[in-house]
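Just final-v5.cif here, mmCIF, C-alpha atoms and all ligand atoms:
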data_target
loop_
_atom_site.label_atom_id
_atom_site.label_comp_id
_atom_site.auth_asym_id
_atom_site.auth_seq_id
_atom_site.Cartn_x
_atom_site.Cartn_y
_atom_site.Cartn_z
CA MET A 1 155.48 14.00 80.17
CA THR A 2 154.55 16.10 77.17
CA GLN A 3 153.67 19.71 77.83
CA PRO A 4 152.09 21.70 75.06
CA ASP A 5 153.10 25.29 74.79
CA GLY A 6 149.92 26.57 73.18
CA GLY A 7 149.42 30.19 72.26
CA ARG A 8 148.52 33.39 73.98
CA GLY A 9 145.06 34.95 74.08
CA GLY A 10 143.89 36.76 70.99
CA ASP A 11 141.47 39.67 71.15
CA SER A 12 141.60 42.57 73.53
CA LEU A 13 137.98 42.74 74.63
CA ALA A 14 137.29 44.66 77.76
CA GLY A 15 134.97 43.16 80.34
CA ALA A 16 135.15 41.90 83.88
CA GLU A 17 138.51 43.43 84.51
CA VAL A 18 140.74 45.28 86.83
CA SER A 19 141.17 48.73 85.39
CA PRO A 20 144.58 49.69 83.93
CA PRO A 21 147.20 50.96 86.36
CA SER A 22 147.11 54.47 84.92
CA ALA A 23 146.95 56.10 88.33
CA GLY A 24 149.93 54.02 89.42
CA PRO A 25 149.73 50.92 91.55
CA ALA A 26 149.45 51.27 95.30
CA VAL A 27 152.24 48.74 95.89
CA PRO A 28 154.95 47.24 93.67
CA SER A 29 152.87 44.13 93.03
CA GLY A 30 150.15 46.20 91.35
CA ALA A 31 152.03 46.61 88.10
CA SER A 32 152.73 42.94 87.55
CA PHE A 33 149.20 42.08 88.62
CA GLN A 34 147.74 44.38 86.00
CA GLU A 35 149.96 43.07 83.25
CA MET A 36 149.13 39.44 84.03
CA TRP A 37 145.44 40.25 84.26
CA ARG A 38 145.48 41.90 80.85
CA GLU A 39 147.20 38.91 79.27
CA LEU A 40 144.86 36.36 80.75
CA ARG A 41 141.66 38.31 80.26
CA PRO A 42 140.80 37.44 76.62
CA ILE A 43 141.43 33.71 76.90
CA GLY A 44 138.21 31.73 76.62
CA ARG A 45 136.03 34.81 76.93
CA ARG A 46 132.77 34.84 74.99
CA PRO A 47 132.12 38.13 73.24
CA ASP A 48 128.34 37.73 73.55
CA SER A 49 128.04 37.19 77.30
CA GLY A 50 131.43 38.40 78.52
CA GLY A 51 131.64 35.14 80.48
CA TYR A 52 134.41 32.57 80.36
CA ARG A 53 134.40 29.03 79.00
CA ARG A 54 137.71 27.63 80.10
CA PHE A 55 136.77 23.98 80.39
CA ALA A 56 139.38 21.41 81.33
CA TRP A 57 141.68 20.31 78.52
CA THR A 58 139.95 22.46 75.84
CA GLY A 59 141.78 25.00 73.70
CA ALA A 60 141.07 27.82 76.17
CA ASP A 61 142.45 25.75 79.04
CA VAL A 62 145.55 24.91 77.03
CA GLU A 63 146.04 28.63 76.38
CA CYS A 64 145.69 29.38 80.11
CA ARG A 65 148.24 26.67 80.80
CA ALA A 66 150.65 28.19 78.28
CA TRP A 67 150.21 31.49 80.07
CA PHE A 68 151.04 29.84 83.42
CA LYS A 69 154.16 28.22 81.99
CA ALA A 70 155.28 31.54 80.47
CA GLN A 71 154.82 33.28 83.85
CA ALA A 72 156.90 30.61 85.58
CA GLU A 73 159.67 30.81 83.01
CA ALA A 74 159.70 34.62 82.97
CA ARG A 75 160.49 34.48 86.70
CA GLY A 76 163.13 31.79 86.40
CA LEU A 77 160.96 29.33 88.34
CA ALA A 78 161.31 25.59 87.75
CA TYR A 79 158.22 24.57 85.80
CA GLU A 80 156.72 21.09 85.92
CA VAL A 81 153.49 19.25 85.25
CA ASP A 82 152.61 16.53 87.72
CA ARG A 83 151.15 13.12 86.87
CA ASN A 84 147.60 14.54 87.06
CA GLY A 85 148.19 17.53 84.81
CA ASN A 86 148.49 20.09 87.61
CA GLN A 87 151.07 22.78 86.83
CA TRP A 88 153.77 23.82 89.31
CA ALA A 89 156.29 26.66 89.38
CA TRP A 90 159.04 26.21 91.96
CA LEU A 91 161.37 28.59 93.71
CA GLY A 92 163.92 26.55 95.63
CA ASP A 93 164.38 22.80 95.72
CA PRO A 94 161.06 20.95 95.20
CA GLY A 95 162.60 17.88 96.84
CA ALA A 96 163.69 19.65 100.02
CA GLY A 97 160.33 19.20 101.75
CA ASP A 98 158.21 21.45 103.99
CA ALA A 99 157.39 23.66 100.99
CA VAL A 100 154.93 26.52 101.13
CA VAL A 101 152.56 26.36 98.16
CA THR A 102 150.06 28.88 96.90
CA GLY A 103 147.87 29.03 93.81
CA SER A 104 144.39 28.12 92.61
CA HIS A 105 142.86 27.17 89.24
CA LEU A 106 142.39 28.70 85.79
CA ASP A 107 139.41 26.73 84.47
CA SER A 108 135.86 28.09 84.69
CA VAL A 109 132.21 27.16 84.89
CA PRO A 110 130.07 27.84 81.77
CA ASP A 111 130.00 31.62 81.36
CA GLY A 112 131.98 32.04 84.57
CA GLY A 113 133.54 35.22 85.86
CA ALA A 114 137.11 36.38 85.49
CA PHE A 115 138.07 36.06 89.15
CA ASP A 116 137.07 32.61 90.43
CA GLY A 117 140.40 30.82 90.22
CA PRO A 118 142.52 33.23 88.13
CA LEU A 119 142.58 35.80 90.95
CA GLY A 120 144.40 33.25 93.11
CA VAL A 121 146.92 32.28 90.42
CA VAL A 122 147.66 35.84 89.30
CA SER A 123 147.91 37.03 92.92
CA SER A 124 150.37 34.22 93.64
CA PHE A 125 152.78 35.35 90.92
CA ALA A 126 152.27 38.99 91.95
CA ALA A 127 152.93 38.13 95.61
CA LEU A 128 156.17 36.41 94.62
CA ASP A 129 157.18 39.52 92.67
CA GLU A 130 156.47 41.59 95.74
CA LEU A 131 158.53 39.32 97.97
CA ARG A 132 161.44 39.66 95.57
CA ALA A 133 161.01 43.43 95.64
CA ARG A 134 161.19 43.19 99.44
CA HIS A 135 164.51 41.32 99.13
CA VAL A 136 163.42 38.63 101.55
CA THR A 137 165.40 35.46 102.18
CA PHE A 138 163.49 32.25 101.57
CA ALA A 139 163.97 29.56 104.20
CA ARG A 140 161.55 27.07 102.64
CA PRO A 141 160.85 26.11 99.02
CA LEU A 142 157.93 28.03 97.54
CA ALA A 143 155.66 26.86 94.73
CA ILE A 144 152.77 28.26 92.73
CA VAL A 145 150.24 25.73 91.45
CA ASN A 146 147.45 25.67 88.89
CA PHE A 147 145.17 22.75 89.72
CA GLY A 148 143.45 21.14 86.73
CA ASP A 149 139.69 20.96 86.30
CA GLU A 150 138.62 22.57 89.57
CA GLU A 151 135.12 23.46 88.42
CA GLY A 152 134.19 20.12 86.93
CA ALA A 153 132.29 21.89 84.15
CA ARG A 154 133.27 19.36 81.51
CA PHE A 155 133.29 15.98 83.26
CA GLY A 156 130.81 16.70 86.05
CA LEU A 157 133.19 16.22 88.96
CA ALA A 158 134.84 19.22 90.65
CA CYS A 159 138.50 19.38 91.74
CA VAL A 160 139.66 16.46 89.60
CA GLY A 161 143.35 17.45 89.72
CA SER A 162 143.53 17.78 93.49
CA ARG A 163 141.21 14.82 94.13
CA LEU A 164 143.46 12.57 92.05
CA ALA A 165 146.59 13.83 93.81
CA ALA A 166 145.01 13.31 97.24
CA GLY A 167 143.70 9.85 96.36
CA GLN A 168 140.09 10.98 96.69
CA LEU A 169 139.35 9.90 93.10
CA THR A 170 140.55 6.51 91.95
CA VAL A 171 142.23 5.98 88.61
CA GLU A 172 139.32 3.74 87.56
CA GLN A 173 136.78 6.44 88.44
CA ALA A 174 138.85 9.05 86.59
CA HIS A 175 139.00 6.83 83.51
CA ARG A 176 135.21 6.61 83.49
CA LEU A 177 134.69 10.40 83.55
CA THR A 178 133.10 11.38 80.22
CA ASP A 179 132.06 14.74 78.83
CA GLY A 180 128.79 15.58 77.07
CA ASP A 181 130.28 14.53 73.71
CA GLY A 182 131.38 11.13 74.99
CA VAL A 183 135.08 12.06 75.29
CA THR A 184 136.72 10.46 78.31
CA LEU A 185 139.07 12.34 80.63
CA PRO A 186 142.19 10.42 79.44
CA ARG A 187 141.36 11.08 75.78
CA ALA A 188 140.73 14.76 76.55
CA MET A 189 144.10 15.05 78.34
CA GLU A 190 145.78 13.32 75.43
CA ALA A 191 144.11 15.61 72.88
CA ALA A 192 145.43 18.59 74.86
CA GLY A 193 148.95 17.15 74.63
CA TYR A 194 149.14 15.71 78.16
CA ASP A 195 149.99 12.15 79.08
CA PRO A 196 147.12 10.49 80.98
CA GLU A 197 148.97 7.21 81.60
CA ALA A 198 150.36 8.13 85.01
CA ILE A 199 147.31 9.76 86.62
CA GLY A 200 146.74 8.71 90.20
CA PRO A 201 147.57 9.45 93.84
CA ASP A 202 150.61 11.60 94.44
CA PRO A 203 151.41 11.20 98.17
CA GLU A 204 155.11 11.74 97.63
CA ARG A 205 154.48 15.17 96.10
CA LEU A 206 151.92 16.19 98.70
CA GLY A 207 154.28 14.92 101.41
CA ARG A 208 156.80 17.56 100.38
CA ILE A 209 154.31 20.37 101.09
CA GLY A 210 154.19 21.88 104.57
CA ALA A 211 151.37 24.35 103.89
CA PHE A 212 149.01 25.28 101.04
CA VAL A 213 147.39 28.71 101.00
CA GLU A 214 144.78 29.48 98.31
CA LEU A 215 143.66 33.06 97.68
CA HIS A 216 140.18 33.31 96.17
CA VAL A 217 137.59 35.93 95.35
CA GLU A 218 134.86 35.80 97.98
CA GLN A 219 131.67 34.22 96.65
CA GLY A 220 129.37 36.02 99.01
CA ARG A 221 129.06 39.44 100.62
CA ALA A 222 130.43 38.89 104.12
CA LEU A 223 133.49 41.08 103.54
CA ASP A 224 131.41 43.75 101.85
CA LEU A 225 129.05 43.80 104.81
CA SER A 226 131.85 43.89 107.38
CA GLY A 227 133.78 46.51 105.42
CA ASP A 228 136.96 44.45 105.11
CA ARG A 229 139.10 43.84 102.04
CA VAL A 230 140.46 40.43 102.98
CA GLY A 231 139.25 37.50 105.10
CA ILE A 232 140.47 34.08 106.22
CA ALA A 233 138.47 30.89 105.61
CA SER A 234 137.22 28.86 108.52
CA ALA A 235 135.33 25.99 106.90
CA ILE A 236 133.65 24.75 103.73
CA TRP A 237 130.12 23.40 103.89
CA PRO A 238 129.64 19.75 102.97
CA HIS A 239 128.33 19.57 99.40
CA GLY A 240 127.64 17.25 96.53
CA ARG A 241 126.08 16.65 93.13
CA TRP A 242 123.25 14.21 92.44
CA ARG A 243 121.95 13.18 89.00
CA PHE A 244 118.20 12.67 88.66
CA ASP A 245 117.10 10.72 85.56
CA PHE A 246 113.36 10.96 84.91
CA ARG A 247 112.36 8.57 82.09
CA GLY A 248 108.96 8.76 80.44
CA GLU A 249 107.66 8.25 76.94
CA ALA A 250 108.36 10.41 73.88
CA ASN A 251 105.21 11.24 71.96
CA HIS A 252 103.58 13.87 69.80
CA ALA A 253 102.97 17.21 71.55
CA GLY A 254 99.89 17.91 69.46
CA THR A 255 98.11 14.58 69.34
CA THR A 256 98.76 12.89 72.70
CA ARG A 257 95.93 13.41 75.18
CA LEU A 258 97.12 14.80 78.54
CA VAL A 259 95.84 11.74 80.37
CA ASP A 260 97.84 9.44 78.10
CA ARG A 261 101.18 11.12 78.68
CA ARG A 262 104.14 9.92 80.69
CA ASP A 263 105.87 13.27 80.75
CA PRO A 264 109.11 13.39 82.79
CA MET A 265 109.25 17.17 82.53
CA LEU A 266 106.33 17.43 84.95
CA SER A 267 107.96 15.36 87.67
CA TYR A 268 111.26 17.18 87.10
CA ALA A 269 109.58 20.59 87.45
CA GLU A 270 107.85 19.55 90.66
CA THR A 271 111.17 18.23 91.98
CA VAL A 272 112.85 21.60 91.38
CA LEU A 273 110.21 23.23 93.56
CA ALA A 274 110.64 20.53 96.20
CA ALA A 275 114.40 21.23 96.28
CA ARG A 276 113.75 24.87 96.96
CA ARG A 277 111.28 23.99 99.72
CA GLU A 278 113.57 21.46 101.41
CA ALA A 279 116.55 23.80 101.30
CA GLN A 280 114.56 26.63 102.78
CA LEU A 281 113.32 24.45 105.64
CA ALA A 282 116.87 23.29 106.46
CA GLY A 283 118.63 26.65 106.07
CA ALA A 284 120.62 25.07 103.26
CA VAL A 285 120.91 25.60 99.49
CA ALA A 286 119.81 23.35 96.64
CA THR A 287 120.05 24.09 92.94
CA PHE A 288 119.10 22.37 89.71
CA GLY A 289 121.40 24.31 87.35
CA LYS A 290 121.94 21.84 84.53
CA ILE A 291 119.45 19.83 82.55
CA VAL A 292 119.53 17.50 79.55
CA VAL A 293 116.30 16.77 77.69
CA GLU A 294 115.76 14.03 75.11
CA PRO A 295 114.78 14.20 72.35
CA ASN A 296 114.75 17.95 73.03
CA GLY A 297 112.15 18.88 70.45
CA VAL A 298 109.65 21.70 70.84
CA ASN A 299 106.81 19.50 69.57
CA ALA A 300 107.77 16.29 71.39
CA ILE A 301 106.97 15.11 74.89
CA PRO A 302 110.39 14.28 76.38
CA SER A 303 111.49 10.69 76.87
CA LEU A 304 114.18 11.74 79.35
CA VAL A 305 114.79 14.69 81.62
CA ARG A 306 118.13 14.50 83.38
CA GLY A 307 118.75 17.17 86.00
CA TRP A 308 121.67 17.68 88.34
CA LEU A 309 121.06 18.72 91.93
CA ASP A 310 123.82 20.67 93.67
CA SER A 311 123.14 20.90 97.40
CA ARG A 312 125.16 22.31 100.30
CA ALA A 313 124.50 22.84 103.98
CA ALA A 314 126.30 23.94 107.11
CA ASP A 315 126.36 20.40 108.47
CA GLN A 316 126.02 16.87 107.24
CA GLU A 317 122.69 16.21 108.93
CA SER A 318 121.01 19.17 107.24
CA LEU A 319 122.45 18.16 103.87
CA ASP A 320 121.17 14.59 104.30
CA THR A 321 117.75 15.95 105.23
CA VAL A 322 117.58 18.14 102.13
CA VAL A 323 118.75 15.52 99.65
CA GLY A 324 116.65 12.78 101.25
CA GLY A 325 113.59 15.04 101.12
CA VAL A 326 114.17 15.97 97.48
CA GLU A 327 114.61 12.35 96.47
CA ARG A 328 111.46 11.26 98.33
CA ALA A 329 109.44 14.00 96.67
CA ALA A 330 110.90 13.17 93.25
CA ARG A 331 109.89 9.51 93.61
CA GLU A 332 106.31 10.51 94.52
CA TYR A 333 106.05 12.87 91.55
CA ALA A 334 107.58 10.32 89.19
CA ALA A 335 105.12 7.65 90.32
CA ALA A 336 102.21 10.05 89.90
CA HIS A 337 103.17 10.66 86.27
CA GLY A 338 104.09 7.07 85.38
CA VAL A 339 107.74 8.07 85.08
CA ASP A 340 110.79 6.02 86.12
CA LEU A 341 113.42 7.65 88.29
CA ASP A 342 117.08 6.89 88.97
CA VAL A 343 119.09 9.00 91.41
CA VAL A 344 122.88 8.75 91.42
CA ARG A 345 125.25 10.63 93.74
CA GLU A 346 128.01 11.76 91.39
CA SER A 347 130.24 13.50 93.91
CA PHE A 348 130.43 14.41 97.54
CA THR A 349 132.77 16.50 99.66
CA PRO A 350 132.39 16.32 103.45
CA VAL A 351 132.68 19.37 105.67
CA VAL A 352 136.16 20.92 105.70
CA GLU A 353 137.56 22.61 108.79
CA PHE A 354 140.73 24.37 107.71
CA ASP A 355 143.83 23.67 109.80
CA HIS A 356 143.44 25.70 112.99
CA ALA A 357 147.15 26.25 113.60
CA LEU A 358 147.72 27.53 110.06
CA ARG A 359 144.59 29.66 110.24
CA ASP A 360 145.76 31.20 113.51
CA GLU A 361 149.17 31.80 111.99
CA LEU A 362 147.58 33.66 109.06
CA ALA A 363 145.51 35.71 111.47
CA ARG A 364 148.63 36.54 113.49
CA ILE A 365 150.61 37.49 110.35
CA LEU A 366 147.83 39.70 109.01
CA GLY A 367 146.38 40.96 112.26
CA LYS A 368 147.15 43.69 114.69
CA ASP A 369 149.44 41.56 116.85
CA SER A 370 151.80 41.07 113.90
CA GLY A 371 153.78 44.07 115.08
CA LYS A 372 153.23 45.68 111.67
CA ASP A 373 151.68 49.05 111.24
CA THR A 374 148.44 47.77 109.76
CA ASP A 375 144.78 48.49 110.13
CA LEU A 376 143.80 45.39 108.18
CA LYS A 377 141.04 43.49 109.97
CA VAL A 378 140.81 39.87 108.90
CA PRO A 379 137.46 38.30 109.62
CA VAL A 380 137.23 34.53 109.58
CA LEU A 381 134.50 33.28 107.22
CA GLY A 382 132.87 30.01 106.26
CA THR A 383 131.84 29.34 102.68
CA GLY A 384 129.47 27.18 100.68
CA ALA A 385 131.87 27.03 97.71
CA GLY A 386 134.20 24.11 97.04
CA HIS A 387 137.95 24.56 96.55
CA ASP A 388 141.11 22.54 95.91
CA ALA A 389 142.28 23.75 99.34
CA GLY A 390 139.32 21.87 100.81
CA ILE A 391 140.26 18.67 99.00
CA LEU A 392 143.89 18.93 100.08
CA SER A 393 142.99 19.70 103.68
CA GLY A 394 142.77 15.97 104.37
CA SER A 395 146.41 15.51 103.34
CA ILE A 396 148.26 18.71 104.26
CA PRO A 397 147.63 21.85 106.34
CA THR A 398 145.67 24.25 104.14
CA ALA A 399 144.27 27.75 104.51
CA MET A 400 142.43 30.25 102.35
CA LEU A 401 142.33 34.00 101.95
CA PHE A 402 139.22 35.66 100.52
CA VAL A 403 139.19 38.98 98.66
CA ARG A 404 136.12 41.20 98.88
CA ASN A 405 133.50 40.86 96.15
CA PRO A 406 131.16 43.86 96.41
CA THR A 407 128.10 42.13 95.01
CA GLY A 408 128.91 38.61 96.09
CA VAL A 409 128.08 37.41 92.56
CA SER A 410 130.15 34.46 91.34
CA HIS A 411 129.93 31.81 88.60
CA SER A 412 128.64 34.62 86.41
CA PRO A 413 130.20 37.22 84.10
CA ALA A 414 129.22 39.83 86.73
CA GLU A 415 131.73 38.41 89.24
CA TYR A 416 133.98 41.27 90.35
CA ALA A 417 136.59 42.53 92.76
CA ALA A 418 137.85 46.11 92.83
CA GLU A 419 141.44 46.87 91.90
CA ASP A 420 142.35 48.15 95.37
CA ASP A 421 140.97 45.01 96.97
CA CYS A 422 142.91 42.79 94.55
CA VAL A 423 146.08 44.68 95.44
CA ALA A 424 145.25 44.30 99.15
CA GLY A 425 144.85 40.57 98.51
CA VAL A 426 148.28 40.39 96.85
CA THR A 427 149.85 42.24 99.77
CA ALA A 428 148.12 39.96 102.28
CA LEU A 429 149.27 36.87 100.38
CA ALA A 430 152.82 38.23 100.18
CA ASP A 431 152.75 38.89 103.94
CA VAL A 432 151.51 35.36 104.57
CA LEU A 433 154.13 33.78 102.32
CA GLU A 434 156.84 35.91 103.89
CA GLY A 435 155.66 34.93 107.37
CA LEU A 436 155.59 31.24 106.50
CA ALA A 437 158.51 30.82 104.13
CA CYS A 438 161.04 33.51 104.87
CA THR A 439 163.55 34.07 107.65
C1 LIG B 1 133.15 25.43 92.82
O1 LIG B 1 133.38 26.61 92.70
C2 LIG B 1 131.99 24.98 93.53
O2 LIG B 1 131.80 25.40 94.68
O3 LIG B 1 131.20 24.23 92.95
MN MN B 2 134.00 28.14 91.20
MN MN B 3 137.37 28.61 92.47
#

Could you write out this file's structure as structure tokens?
Amino acid sequence: MTQPDGGRGGDSLAGAEVSPPSAGPAVPSGASFQEMWRELRPIGRRPDSGGYRRFAWTGADVECRAWFKAQAEARGLAYEVDRNGNQWAWLGDPGAGDAVVTGSHLDSVPDGGAFDGPLGVVSSFAALDELRARHVTFARPLAIVNFGDEEGARFGLACVGSRLAAGQLTVEQAHRLTDGDGVTLPRAMEAAGYDPEAIGPDPERLGRIGAFVELHVEQGRALDLSGDRVGIASAIWPHGRWRFDFRGEANHAGTTRLVDRRDPMLSYAETVLAARREAQLAGAVATFGKIVVEPNGVNAIPSLVRGWLDSRAADQESLDTVVGGVERAAREYAAAHGVDLDVVRESFTPVVEFDHALRDELARILGKDSGKDTDLKVPVLGTGAGHDAGILSGSIPTAMLFVRNPTGVSHSPAEYAAEDDCVAGVTALADVLEGLACT
């Protein structure tokens, strides 16, 4: 399979960053963490907003991938790209089985933060460096992975790389994924220098993995409120994306009487308010964060308003209630304005309960009964955010570590984690990998 090398990031803009290690890192991993962070930081960063646009298979993604490959090679790890474009860096024999894998993703949402995804990948390499500095002996193969297209910003479906590997996205469905410019996923992979011919389920590869642990910046304030640097994931809320197409009639904004209009913007706007209402009633969340308007002219009544609903809830019943309620309301509003409505569920991820045995093992390794001299408390947290670890949890034992985010802000340039907390995350991940993979 072809693997483009791409180039390294260009400018040296500051921004959402971990400050330089001038005061000296707290642990050996700090230095390598800082260096990696500095290298990765400019790639795909917009000077105007400070946010990242690292969409799957675009130039910025290819640059991130080149960075990953360079990190693997600099450490003498065996680098490979799997049939779905996910990148792997192996220490030990990939074919031996029962491997311990860590990693995350490098792509971003539109104007995303620096930490969602990259913190997990950078921390994985830094944790490996720390393990080497500890002179541990590895009893199981270890791999670091960068899953492709986790955010789904370009093709509308999240976790494409892990879904394909786990057989949760069929080849036919993947071939139909199309971006806003009409480019299909296979053509986008090809344009980035990757071979899309072999995409599909990868049970043999997943069968060689005994445990996957993903470190991630927390996307909420639970750790900030509890005063802890690091937490362990318990579960991921069920969540999905629904596309609402409101179709009316384009007409002149100045000459069309109000009573003569079939304006889909009105029913869309009322639906946004209904989503808020339904979510509030159910203790859930519902968001219309993306919209396409046609013809998109200031002085034209729209012919089409297409909005995407992202909804998540603690349990399936609440999620069904919210989405059912929003759809019912949307149909009433559409009828009232003479507008046609189509609703399509574009993706869905059921509730994920992370593997209890692995979770308990992480808690034991990091907790007070580990026998180590540590005051690290490790709360166990649920989350409303989706992750590759959640997708893979149906195929292999998976677990997640969260690193404190003082404001809880994520999917925004303001996303942040403090340097000390990132270093604590690296140490926790190194401890976990040592506990799982070393003698
Ligand atoms: C990914 O971060 C998601 O939760 O949508
Ligand atoms: Mn994300
Ligand atoms: Mn993420």

As an exercise, work out the distance from CA of Arg404 (chain A) to CA of Ala428 (chain A) in Å and give it to one decimal place.
12.5 Å

Rounded to one decimal, what separation in Å do you get between CA of Asp116 (chain A) and CA of Ala153 (chain A)?
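If I compute the distance from CA of Asp116 (chain A) to CA of Ala153 (chain A), I get 13.3 Å.
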
Protein and nucleic residues near ligand LIG 1 (chain B), 6 Å, all atoms listed in the file, as a PyMOL selection string
chain A and resi 151+385-386

Written file, previous selection with C-alpha atoms, as a PDB file, in the coordinates of the input:
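Result saved to selection.pdb:
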ATOM      1  CA  GLU A 151     135.120  23.460  88.420  1.00  0.00           C
ATOM      2  CA  ALA A 385     131.870  27.030  97.710  1.00  0.00           C
ATOM      3  CA  GLY A 386     134.200  24.110  97.040  1.00  0.00           C
TER       4      GLY A 386
END

Identify which of the residues A:Asp224, A:Glu327, A:Ala235, A:Gly338 lies closest to Asp263 (chain A), counting only C-alpha atoms when measuring atom-to-atom distances.
A:Gly338

Considering all atoms listed in the file, state which residue in the set A:Glu317, A:Glu270, A:Glu332, A:Asp82 is at the smallest distance from Leu206 (chain A).
A:Asp82

Taking (140.0, 37.7, 102.9) in the file's coordinates as the center, which residues reach within 10 Å of it, counting only C-alpha atoms, put as a list of chain:residue names?
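Those within range, by chain then number, are A:Leu215, A:His216, A:Val217, A:Glu218, A:Ala222, A:Leu223, A:Asp228, A:Arg229, A:Val230, A:Gly231, A:Ile232, A:Ala233, A:Lys377, A:Val378, A:Pro379, A:Val380, A:Leu381, A:Met400, A:Leu401, A:Phe402, A:Val403, A:Arg404, A:Asn405, A:Asp421, A:Ala424, A:Gly425, A:Ala428, A:Leu429.
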